[in-house]
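Dropping structure34.cif in here (mmCIF, N, CA and C atoms, pLDDT in the B column; chains and numbers go by the auth columns):
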```cif
data_final
loop_
_atom_site.group_PDB
_atom_site.id
_atom_site.type_symbol
_atom_site.label_atom_id
_atom_site.label_comp_id
_atom_site.label_asym_id
_atom_site.label_seq_id
_atom_site.Cartn_x
_atom_site.Cartn_y
_atom_site.Cartn_z
_atom_site.B_iso_or_equiv
_atom_site.auth_seq_id
_atom_site.auth_asym_id
ATOM 1 N N MET A 1 -71.388 86.440 -5.975 75.00 39 R
ATOM 2 C CA MET A 1 -71.312 85.579 -4.811 75.00 39 R
ATOM 3 C C MET A 1 -71.539 84.117 -5.203 75.00 39 R
ATOM 4 N N SER A 2 -72.455 83.881 -6.119 75.00 40 R
ATOM 5 C CA SER A 2 -72.722 82.495 -6.512 75.00 40 R
ATOM 6 C C SER A 2 -71.525 81.881 -7.237 75.00 40 R
ATOM 7 N N LYS A 3 -70.798 82.712 -7.997 78.00 41 R
ATOM 8 C CA LYS A 3 -69.593 82.205 -8.674 78.00 41 R
ATOM 9 C C LYS A 3 -68.532 81.824 -7.651 78.00 41 R
ATOM 10 N N LEU A 4 -68.393 82.631 -6.593 82.00 42 R
ATOM 11 C CA LEU A 4 -67.433 82.314 -5.532 82.00 42 R
ATOM 12 C C LEU A 4 -67.849 81.049 -4.794 82.00 42 R
ATOM 13 N N ASN A 5 -69.157 80.893 -4.564 77.00 43 R
ATOM 14 C CA ASN A 5 -69.651 79.710 -3.861 77.00 43 R
ATOM 15 C C ASN A 5 -69.505 78.441 -4.688 77.00 43 R
ATOM 16 N N SER A 6 -69.338 78.564 -5.991 78.00 44 R
ATOM 17 C CA SER A 6 -69.129 77.367 -6.790 78.00 44 R
ATOM 18 C C SER A 6 -67.735 76.777 -6.538 78.00 44 R
ATOM 19 N N TYR A 7 -66.786 77.617 -6.135 78.00 45 R
ATOM 20 C CA TYR A 7 -65.435 77.141 -5.819 78.00 45 R
ATOM 21 C C TYR A 7 -65.285 76.781 -4.351 78.00 45 R
ATOM 22 N N ILE A 8 -65.909 77.573 -3.485 80.00 46 R
ATOM 23 C CA ILE A 8 -65.872 77.315 -2.044 80.00 46 R
ATOM 24 C C ILE A 8 -67.310 77.390 -1.554 80.00 46 R
ATOM 25 N N PRO A 9 -67.950 76.228 -1.354 79.00 47 R
ATOM 26 C CA PRO A 9 -69.390 76.203 -1.094 79.00 47 R
ATOM 27 C C PRO A 9 -69.823 76.792 0.253 79.00 47 R
ATOM 28 N N ASN A 10 -68.966 76.761 1.237 85.00 48 R
ATOM 29 C CA ASN A 10 -69.317 77.259 2.561 85.00 48 R
ATOM 30 C C ASN A 10 -68.952 78.735 2.661 85.00 48 R
ATOM 31 N N ARG A 11 -69.918 79.583 2.961 88.00 49 R
ATOM 32 C CA ARG A 11 -69.710 81.030 3.013 88.00 49 R
ATOM 33 C C ARG A 11 -68.663 81.422 4.049 88.00 49 R
ATOM 34 N N TYR A 12 -68.662 80.767 5.194 89.00 50 R
ATOM 35 C CA TYR A 12 -67.709 81.103 6.248 89.00 50 R
ATOM 36 C C TYR A 12 -66.295 80.671 5.877 89.00 50 R
ATOM 37 N N MET A 13 -66.183 79.548 5.184 89.00 51 R
ATOM 38 C CA MET A 13 -64.882 79.103 4.714 89.00 51 R
ATOM 39 C C MET A 13 -64.362 80.066 3.637 89.00 51 R
ATOM 40 N N LEU A 14 -65.272 80.562 2.812 89.00 52 R
ATOM 41 C CA LEU A 14 -64.904 81.535 1.789 89.00 52 R
ATOM 42 C C LEU A 14 -64.296 82.779 2.413 89.00 52 R
ATOM 43 N N VAL A 15 -64.923 83.285 3.451 90.00 53 R
ATOM 44 C CA VAL A 15 -64.409 84.470 4.145 90.00 53 R
ATOM 45 C C VAL A 15 -63.029 84.180 4.721 90.00 53 R
ATOM 46 N N ASN A 16 -62.861 83.013 5.307 90.00 54 R
ATOM 47 C CA ASN A 16 -61.587 82.635 5.906 90.00 54 R
ATOM 48 C C ASN A 16 -60.498 82.521 4.843 90.00 54 R
ATOM 49 N N VAL A 17 -60.804 81.879 3.728 90.00 55 R
ATOM 50 C CA VAL A 17 -59.826 81.696 2.651 90.00 55 R
ATOM 51 C C VAL A 17 -59.427 83.051 2.061 90.00 55 R
ATOM 52 N N VAL A 18 -60.407 83.907 1.807 92.00 56 R
ATOM 53 C CA VAL A 18 -60.120 85.225 1.226 92.00 56 R
ATOM 54 C C VAL A 18 -59.289 86.052 2.201 92.00 56 R
ATOM 55 N N ALA A 19 -59.632 86.007 3.482 94.00 57 R
ATOM 56 C CA ALA A 19 -58.887 86.791 4.477 94.00 57 R
ATOM 57 C C ALA A 19 -57.437 86.324 4.578 94.00 57 R
ATOM 58 N N ARG A 20 -57.228 85.008 4.593 93.00 58 R
ATOM 59 C CA ARG A 20 -55.860 84.485 4.680 93.00 58 R
ATOM 60 C C ARG A 20 -55.036 84.875 3.459 93.00 58 R
ATOM 61 N N ARG A 21 -55.646 84.732 2.281 93.00 59 R
ATOM 62 C CA ARG A 21 -54.911 85.070 1.049 93.00 59 R
ATOM 63 C C ARG A 21 -54.652 86.569 0.965 93.00 59 R
ATOM 64 N N ALA A 22 -55.601 87.373 1.417 96.00 60 R
ATOM 65 C CA ALA A 22 -55.408 88.825 1.408 96.00 60 R
ATOM 66 C C ALA A 22 -54.242 89.214 2.308 96.00 60 R
ATOM 67 N N ARG A 23 -54.128 88.565 3.463 96.00 61 R
ATOM 68 C CA ARG A 23 -52.990 88.832 4.349 96.00 61 R
ATOM 69 C C ARG A 23 -51.684 88.452 3.676 96.00 61 R
ATOM 70 N N GLN A 24 -51.677 87.312 2.978 95.00 62 R
ATOM 71 C CA GLN A 24 -50.465 86.884 2.277 95.00 62 R
ATOM 72 C C GLN A 24 -50.088 87.877 1.192 95.00 62 R
ATOM 73 N N ILE A 25 -51.063 88.344 0.447 96.00 63 R
ATOM 74 C CA ILE A 25 -50.807 89.315 -0.627 96.00 63 R
ATOM 75 C C ILE A 25 -50.227 90.592 -0.037 96.00 63 R
ATOM 76 N N ALA A 26 -50.824 91.072 1.053 97.00 64 R
ATOM 77 C CA ALA A 26 -50.354 92.306 1.690 97.00 64 R
ATOM 78 C C ALA A 26 -48.937 92.149 2.215 97.00 64 R
ATOM 79 N N GLU A 27 -48.639 91.004 2.843 97.00 65 R
ATOM 80 C CA GLU A 27 -47.297 90.770 3.368 97.00 65 R
ATOM 81 C C GLU A 27 -46.266 90.687 2.250 97.00 65 R
ATOM 82 N N GLU A 28 -46.616 90.006 1.154 96.00 66 R
ATOM 83 C CA GLU A 28 -45.698 89.891 0.021 96.00 66 R
ATOM 84 C C GLU A 28 -45.431 91.255 -0.607 96.00 66 R
ATOM 85 N N ALA A 29 -46.467 92.071 -0.729 96.00 67 R
ATOM 86 C CA ALA A 29 -46.307 93.403 -1.315 96.00 67 R
ATOM 87 C C ALA A 29 -45.448 94.290 -0.419 96.00 67 R
ATOM 88 N N GLU A 30 -45.648 94.178 0.884 95.00 68 R
ATOM 89 C CA GLU A 30 -44.853 94.979 1.816 95.00 68 R
ATOM 90 C C GLU A 30 -43.391 94.549 1.806 95.00 68 R
ATOM 91 N N ALA A 31 -43.165 93.251 1.755 96.00 69 R
ATOM 92 C CA ALA A 31 -41.796 92.740 1.764 96.00 69 R
ATOM 93 C C ALA A 31 -41.036 93.123 0.494 96.00 69 R
ATOM 94 N N SER A 32 -41.729 93.117 -0.619 96.00 70 R
ATOM 95 C CA SER A 32 -41.064 93.437 -1.881 96.00 70 R
ATOM 96 C C SER A 32 -41.119 94.922 -2.221 96.00 70 R
ATOM 97 N N GLY A 33 -41.924 95.676 -1.500 94.00 71 R
ATOM 98 C CA GLY A 33 -42.055 97.096 -1.773 94.00 71 R
ATOM 99 C C GLY A 33 -42.920 97.392 -2.982 94.00 71 R
ATOM 100 N N ALA A 34 -43.694 96.401 -3.424 93.00 72 R
ATOM 101 C CA ALA A 34 -44.541 96.565 -4.596 93.00 72 R
ATOM 102 C C ALA A 34 -45.784 97.384 -4.259 93.00 72 R
ATOM 103 N N HIS A 35 -46.229 98.175 -5.225 94.00 73 R
ATOM 104 C CA HIS A 35 -47.451 98.952 -5.075 94.00 73 R
ATOM 105 C C HIS A 35 -48.604 98.142 -5.636 94.00 73 R
ATOM 106 N N LEU A 36 -49.667 97.990 -4.863 94.00 74 R
ATOM 107 C CA LEU A 36 -50.842 97.260 -5.318 94.00 74 R
ATOM 108 C C LEU A 36 -51.854 98.239 -5.900 94.00 74 R
ATOM 109 N N ASP A 37 -52.357 97.939 -7.088 95.00 75 R
ATOM 110 C CA ASP A 37 -53.364 98.792 -7.715 95.00 75 R
ATOM 111 C C ASP A 37 -54.735 98.612 -7.059 95.00 75 R
ATOM 112 N N GLU A 38 -54.975 97.431 -6.511 96.00 76 R
ATOM 113 C CA GLU A 38 -56.235 97.141 -5.828 96.00 76 R
ATOM 114 C C GLU A 38 -55.934 96.672 -4.418 96.00 76 R
ATOM 115 N N LYS A 39 -56.943 96.670 -3.583 97.00 77 R
ATOM 116 C CA LYS A 39 -56.772 96.218 -2.203 97.00 77 R
ATOM 117 C C LYS A 39 -56.548 94.704 -2.187 97.00 77 R
ATOM 118 N N PRO A 40 -55.803 94.204 -1.199 97.00 78 R
ATOM 119 C CA PRO A 40 -55.515 92.773 -1.131 97.00 78 R
ATOM 120 C C PRO A 40 -56.771 91.890 -1.095 97.00 78 R
ATOM 121 N N VAL A 41 -57.818 92.350 -0.433 96.00 79 R
ATOM 122 C CA VAL A 41 -59.057 91.565 -0.372 96.00 79 R
ATOM 123 C C VAL A 41 -59.657 91.430 -1.771 96.00 79 R
ATOM 124 N N THR A 42 -59.637 92.499 -2.530 96.00 80 R
ATOM 125 C CA THR A 42 -60.167 92.462 -3.893 96.00 80 R
ATOM 126 C C THR A 42 -59.360 91.493 -4.752 96.00 80 R
ATOM 127 N N LEU A 43 -58.047 91.540 -4.616 96.00 81 R
ATOM 128 C CA LEU A 43 -57.199 90.619 -5.375 96.00 81 R
ATOM 129 C C LEU A 43 -57.475 89.170 -4.994 96.00 81 R
ATOM 130 N N ALA A 44 -57.665 88.900 -3.704 94.00 82 R
ATOM 131 C CA ALA A 44 -57.953 87.541 -3.239 94.00 82 R
ATOM 132 C C ALA A 44 -59.304 87.060 -3.765 94.00 82 R
ATOM 133 N N ILE A 45 -60.300 87.936 -3.773 92.00 83 R
ATOM 134 C CA ILE A 45 -61.620 87.565 -4.297 92.00 83 R
ATOM 135 C C ILE A 45 -61.523 87.249 -5.784 92.00 83 R
ATOM 136 N N HIS A 46 -60.743 88.021 -6.518 93.00 84 R
ATOM 137 C CA HIS A 46 -60.557 87.750 -7.950 93.00 84 R
ATOM 138 C C HIS A 46 -59.874 86.397 -8.161 93.00 84 R
ATOM 139 N N GLU A 47 -58.940 86.039 -7.302 92.00 85 R
ATOM 140 C CA GLU A 47 -58.276 84.741 -7.424 92.00 85 R
ATOM 141 C C GLU A 47 -59.267 83.603 -7.230 92.00 85 R
ATOM 142 N N VAL A 48 -60.176 83.744 -6.267 90.00 86 R
ATOM 143 C CA VAL A 48 -61.198 82.712 -6.057 90.00 86 R
ATOM 144 C C VAL A 48 -62.133 82.665 -7.263 90.00 86 R
ATOM 145 N N ALA A 49 -62.581 83.825 -7.738 90.00 87 R
ATOM 146 C CA ALA A 49 -63.513 83.878 -8.864 90.00 87 R
ATOM 147 C C ALA A 49 -62.900 83.305 -10.142 90.00 87 R
ATOM 148 N N ASP A 50 -61.586 83.442 -10.299 90.00 88 R
ATOM 149 C CA ASP A 50 -60.901 82.904 -11.474 90.00 88 R
ATOM 150 C C ASP A 50 -60.562 81.429 -11.329 90.00 88 R
ATOM 151 N N GLY A 51 -60.859 80.846 -10.176 85.00 89 R
ATOM 152 C CA GLY A 51 -60.578 79.433 -9.946 85.00 89 R
ATOM 153 C C GLY A 51 -59.139 79.154 -9.581 85.00 89 R
ATOM 154 N N LYS A 52 -58.366 80.190 -9.291 85.00 90 R
ATOM 155 C CA LYS A 52 -56.958 80.019 -8.930 85.00 90 R
ATOM 156 C C LYS A 52 -56.783 79.625 -7.473 85.00 90 R
ATOM 157 N N LEU A 53 -57.834 79.785 -6.696 77.00 91 R
ATOM 158 C CA LEU A 53 -57.738 79.562 -5.259 77.00 91 R
ATOM 159 C C LEU A 53 -58.946 78.772 -4.803 77.00 91 R
ATOM 160 N N SER A 54 -58.709 77.740 -4.003 72.00 92 R
ATOM 161 C CA SER A 54 -59.793 76.942 -3.450 72.00 92 R
ATOM 162 C C SER A 54 -59.632 76.872 -1.945 72.00 92 R
ATOM 163 N N ALA A 55 -60.476 76.104 -1.288 72.00 93 R
ATOM 164 C CA ALA A 55 -60.463 76.025 0.170 72.00 93 R
ATOM 165 C C ALA A 55 -59.104 75.584 0.689 72.00 93 R
ATOM 166 N N GLY A 56 -58.443 74.675 0.039 69.00 94 R
ATOM 167 C CA GLY A 56 -57.142 74.214 0.470 69.00 94 R
ATOM 168 C C GLY A 56 -56.001 74.901 -0.239 69.00 94 R
ATOM 169 N N GLY A 57 -56.307 75.858 -1.098 57.00 95 R
ATOM 170 C CA GLY A 57 -55.309 76.438 -1.962 57.00 95 R
ATOM 171 C C GLY A 57 -54.593 77.656 -1.442 57.00 95 R
ATOM 172 N N VAL A 58 -54.848 78.101 -0.241 54.00 96 R
ATOM 173 C CA VAL A 58 -54.196 79.300 0.258 54.00 96 R
ATOM 174 C C VAL A 58 -52.708 79.068 0.381 54.00 96 R
ATOM 175 N N GLU A 59 -52.318 77.935 0.931 49.00 97 R
ATOM 176 C CA GLU A 59 -50.909 77.646 1.087 49.00 97 R
ATOM 177 C C GLU A 59 -50.263 77.402 -0.283 49.00 97 R
ATOM 178 N N LEU A 60 -51.002 76.765 -1.203 47.00 98 R
ATOM 179 C CA LEU A 60 -50.457 76.491 -2.524 47.00 98 R
ATOM 180 C C LEU A 60 -50.244 77.768 -3.311 47.00 98 R
ATOM 181 N N ALA A 61 -51.165 78.692 -3.214 46.00 99 R
ATOM 182 C CA ALA A 61 -51.032 79.952 -3.942 46.00 99 R
ATOM 183 C C ALA A 61 -49.816 80.739 -3.447 46.00 99 R
ATOM 184 N N ALA A 62 -49.529 80.664 -2.180 46.00 100 R
ATOM 185 C CA ALA A 62 -48.381 81.377 -1.640 46.00 100 R
ATOM 186 C C ALA A 62 -47.071 80.759 -2.137 46.00 100 R
ATOM 187 N N GLU A 63 -47.062 79.433 -2.288 48.00 101 R
ATOM 188 C CA GLU A 63 -45.855 78.768 -2.761 48.00 101 R
ATOM 189 C C GLU A 63 -45.600 79.056 -4.231 48.00 101 R
ATOM 190 N N GLU A 64 -46.678 79.204 -5.025 50.00 102 R
ATOM 191 C CA GLU A 64 -46.529 79.458 -6.455 50.00 102 R
ATOM 192 C C GLU A 64 -46.084 80.870 -6.748 50.00 102 R
ATOM 193 N N ALA A 65 -46.441 81.814 -5.874 46.00 103 R
ATOM 194 C CA ALA A 65 -46.141 83.232 -6.119 46.00 103 R
ATOM 195 C C ALA A 65 -44.692 83.563 -5.934 46.00 103 R
#
```
Could the structure of this file be written out as structure tokens, please?
Amino acid sequence: MSKLNSYIPNRYMLVNVVARRARQIAEEAEASGAHLDEKPVTLAIHEVADGKLSAGGVELAAEEA
């Protein structure tokens, strides 16, 4: 949790960012018919922990994918 808070300091904003990105991941997987090995929320949390996603980065991550 502390590693996630280093990228997004506000806990409520973190939940919002992860939820939005998880929805995007799920929609992209459904549209392409791809099978996800992990749940979309887990994938979104990993993106934040890896520094790939920040508070303003939800829209950017969707454009890059």
As a check of understanding: the span from atom N of Glu68 (chain R) to atom C of Asn48 (chain R) is 28.0 Å
All residues 6.5 Å or closer to region 55-61 of chain R, only N, CA and C atoms, same chain fewer than 6 positions away omitted, as an NGL selection string:
:R and (78-79 or 82-83 or 93 or 96)
Using DSSP assignments from the backbone, pull out every residue in chain R that falls under helix (DSSP H, G or I) and give it to me as a VMD selection string.
chain R and resid 40 to 45 49 to 70 78 to 87 96 to 102
So how many Å separate CA of Ile46 (chain R) and atom C of Ser92 (chain R), to one decimal?
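Here the two named atoms are 6.3 Å from each other.
A straight line drawn from atom C of Glu76 (chain R) to CA of Asn43 (chain R) is 21.8 Å long.
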Using all atoms of region 49-66 of chain R that appear in the file, construct an axis-aligned enclosing box with 3 Å of padding on every side and provide its centre coordinates and edge lengths in Å, rounded to one decimal, as AutoDock Vina command-line options.
```
--center_x -57.7 --center_y 85.7 --center_z 2.8 --size_x 30.5 --size_y 19.2 --size_z 12.9
```
Find the residues around Asp88 (chain R) up to 12 Å (only C-alpha atoms counted), leave out those fewer than 5 positions away in its own chain, and share them as a VMD selection string.
chain R and resid 41 to 42 44 to 45 81 to 83
